[in-house]
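Just below is one structure, and these are the notes that go with it.
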Amino acid sequence: MNKLKPLLYFVFLFAVATLSKFTFAQKNINDVSLVYSLSYLKNDVGGRNLENNSVGEIKLSIKAKQSKCETIYKSGKETTYFNQESNKGVVLKEFMGQELLVLLTAENWMEKNAAFQNAQFTITDFKQNINGVPCKQAIAEISGGRIVVYLNPQIIITNTKYDLAFPGVQGLPVKIEWYGAANGKASMAFELKQIDYENIPQSKFEFPSAEKYRTLSFEEAKKSGKL
């Protein structure tokens, strides 16, 4: 696993590969593992956005047509699997000694991730280096808030249906700020910590067995407040 510092070296490798063509072309990635820190955002009296200490971690494993997303908190974790070939997914929730498996159709997965999947972005002129990685800023206004993404446009993940994916803008998300409630209490930040672009074994994407867990449909889980 490569540490993000310097992720700039990772970007540099792709740039070097294109020097023979005298251009810096985009690089498409099929297999990649990403680790993001998860923090909550709040506003100070001057209106600036402040990040609280990290409250969790997100581990993403991505292939061209499959993905796995583990969101890990102190109290437990939630793992989402999605397979585009079968158009099926599951969410495994493991909190406080309780385990629950939620079954997803392709439509359910899209509804669950609608805020990111449907976001329409505008690229701004603002540029920033984050942990040594040159990033462009993209902003999308969504229902109830906005999403600000700092991305490196040279690295393109071919799979656009994974948790934290933004089909509306091309590039590797290095930092994501998701502003929800007007007072900022529901706002979150995701910042890339690690990246590994080696081949991921197929076993990583095998769904948990429904026989081992209490199982609910997506609609049942929403109705009971489990999603």
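Just so we're on the same page: first chain in the structure tokens is A, next is B, and so on; residues restart at 1 for each chain, and ligands are numbered from 1 in the order they show up.
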
Excluding stretch 118-120 of chain A and any residue of its chain fewer than 4 positions from it, enumerate the residues within 6 Å of it, using only C-alpha atoms, and give them as a PyMOL selection string.
-> chain A and resi 114+140+168

Shell of 7 Å around A:Val91, only C-alpha atoms, local chain residues under 3 positions omitted, as a tab-separated table (two decimals) with C-alpha atoms, in the first residue's frame:
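Heads up, here's the output in part-v4.tsv:
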chain	number	residue	atom	x	y	z
A	78	GLU	CA	-20.90	-0.55	7.18
A	79	THR	CA	-19.77	-2.38	4.04
A	80	THR	CA	-21.42	-1.88	0.64
A	81	TYR	CA	-20.88	-4.25	-2.28
A	101	LEU	CA	-27.71	-7.46	5.62
A	102	VAL	CA	-29.67	-5.18	3.26
A	103	LEU	CA	-30.30	-6.40	-0.29

Check the smallest atom-to-atom distance from each of A:Leu60, A:Ile147, A:Met188, A:Ala138 to A:Gln170 using only C-alpha atoms, then report the winner.
->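 Nearest candidate to A:Gln170 out of A:Leu60, A:Ile147, A:Met188, A:Ala138: A:Ala138.
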
Given the choices A:Glu85, A:Glu141, A:Asp31, A:Glu94, which gets closest to A:Tyr179 if the distance is worked out from only C-alpha atoms?
->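 The answer is A:Glu141, which sits nearest to A:Tyr179.
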
Would you list, as a PyMOL selection string, the residues of stretch 99-158 of chain A that end up in strand (DSSP E) under DSSP run on this structure's backbone?
-> chain A and resi 99-105+122-130+133-142+145-152+155-157

Now that the selection is made, can you save its residues with C-alpha atoms as a short mmCIF file (atom, residue, chain, number, x, y, z; two decimals), in the first residue's frame?
data_model
loop_
_atom_site.label_atom_id
_atom_site.label_comp_id
_atom_site.auth_asym_id
_atom_site.auth_seq_id
_atom_site.Cartn_x
_atom_site.Cartn_y
_atom_site.Cartn_z
CA GLU A 99 -25.47 -7.50 12.19
CA LEU A 100 -27.87 -6.74 9.35
CA LEU A 101 -27.71 -7.46 5.62
CA VAL A 102 -29.67 -5.18 3.26
CA LEU A 103 -30.30 -6.40 -0.29
CA LEU A 104 -30.00 -3.91 -3.15
CA THR A 105 -31.14 -3.83 -6.76
CA THR A 122 -18.92 23.31 -12.50
CA ILE A 123 -15.11 23.45 -12.70
CA THR A 124 -13.81 26.63 -11.05
CA ASP A 125 -10.52 28.49 -11.61
CA PHE A 126 -9.38 27.63 -8.08
CA LYS A 127 -6.42 25.23 -7.84
CA GLN A 128 -4.82 23.75 -4.75
CA ASN A 129 -2.08 21.29 -3.85
CA ILE A 130 -3.34 18.75 -1.31
CA VAL A 133 -1.06 16.58 -5.36
CA PRO A 134 -2.17 19.31 -7.81
CA CYS A 135 -5.96 19.52 -7.75
CA LYS A 136 -8.72 21.37 -9.54
CA GLN A 137 -11.90 22.40 -7.74
CA ALA A 138 -15.38 21.37 -8.88
CA ILE A 139 -18.63 22.48 -7.22
CA ALA A 140 -22.14 21.03 -7.49
CA GLU A 141 -25.29 22.44 -5.93
CA ILE A 142 -27.53 19.62 -4.70
CA GLY A 145 -26.54 21.60 0.18
CA ARG A 146 -23.49 21.43 -2.07
CA ILE A 147 -20.54 19.21 -2.88
CA VAL A 148 -17.02 20.57 -3.36
CA VAL A 149 -14.50 18.16 -4.89
CA TYR A 150 -10.75 18.67 -5.25
CA LEU A 151 -9.60 16.28 -7.96
CA ASN A 152 -6.59 15.37 -10.01
CA ILE A 155 -6.21 9.95 -13.08
CA ILE A 156 -9.55 8.53 -14.26
CA ILE A 157 -11.23 5.58 -12.53
#

Which value, in Å to one decimal, gives the distance between atom CA of A:Lys193 and atom CA of A:Tyr36?
->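 We find that atom CA of A:Lys193 and atom CA of A:Tyr36 lie 5.4 Å from each other.
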
Helix (DSSP H, G or I) positions in stretch 52-153 of chain A, given as a PDB file with C-alpha atoms, in the first residue's frame:
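Contents of result.pdb, freshly written:
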ATOM      1  CA  ALA A 106     -29.400  -1.528  -9.257  1.00  0.00           C
ATOM      2  CA  GLU A 107     -32.234   0.980  -8.739  1.00  0.00           C
ATOM      3  CA  ASN A 108     -31.782   0.774  -4.950  1.00  0.00           C
ATOM      4  CA  TRP A 109     -28.048   1.427  -5.255  1.00  0.00           C
ATOM      5  CA  MET A 110     -28.659   4.469  -7.457  1.00  0.00           C
ATOM      6  CA  GLU A 111     -31.214   5.841  -4.994  1.00  0.00           C
ATOM      7  CA  LYS A 112     -28.802   5.323  -2.100  1.00  0.00           C
ATOM      8  CA  ALA A 114     -28.221   9.708  -5.826  1.00  0.00           C
ATOM      9  CA  ALA A 115     -26.587  12.826  -4.333  1.00  0.00           C
ATOM     10  CA  PHE A 116     -23.175  11.964  -5.790  1.00  0.00           C
ATOM     11  CA  GLN A 117     -24.312  10.107  -8.916  1.00  0.00           C
TER      12      GLN A 117
END

For A:Leu192, which residue out of A:Ser143, A:Lys204, A:Asn28, A:Ser33 is the nearest one, using only C-alpha atoms?
-> A:Ser33

Of the candidates A:Lys88, A:Lys77, A:Lys27, A:Lys161, which one gets nearest to A:Glu57 if we count only C-alpha atoms?
->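 Closest to A:Glu57, using only C-alpha atoms: A:Lys77.
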
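Atom CA of A:Leu38 sits 10.2 Å away from atom CA of A:Lys175.
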
Selected residue, from A:Ala221, A:Ile195, A:Leu92, A:Ile200, that lies nearest to A:Val35 when counting only C-alpha atoms =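 Of all the options, A:Ile195 lies closest to A:Val35.
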
So, counting only C-alpha atoms, which residue among A:Trp178, A:Phe166, A:Phe190, A:Phe95 is closest to A:Ile58?
-> A:Phe190
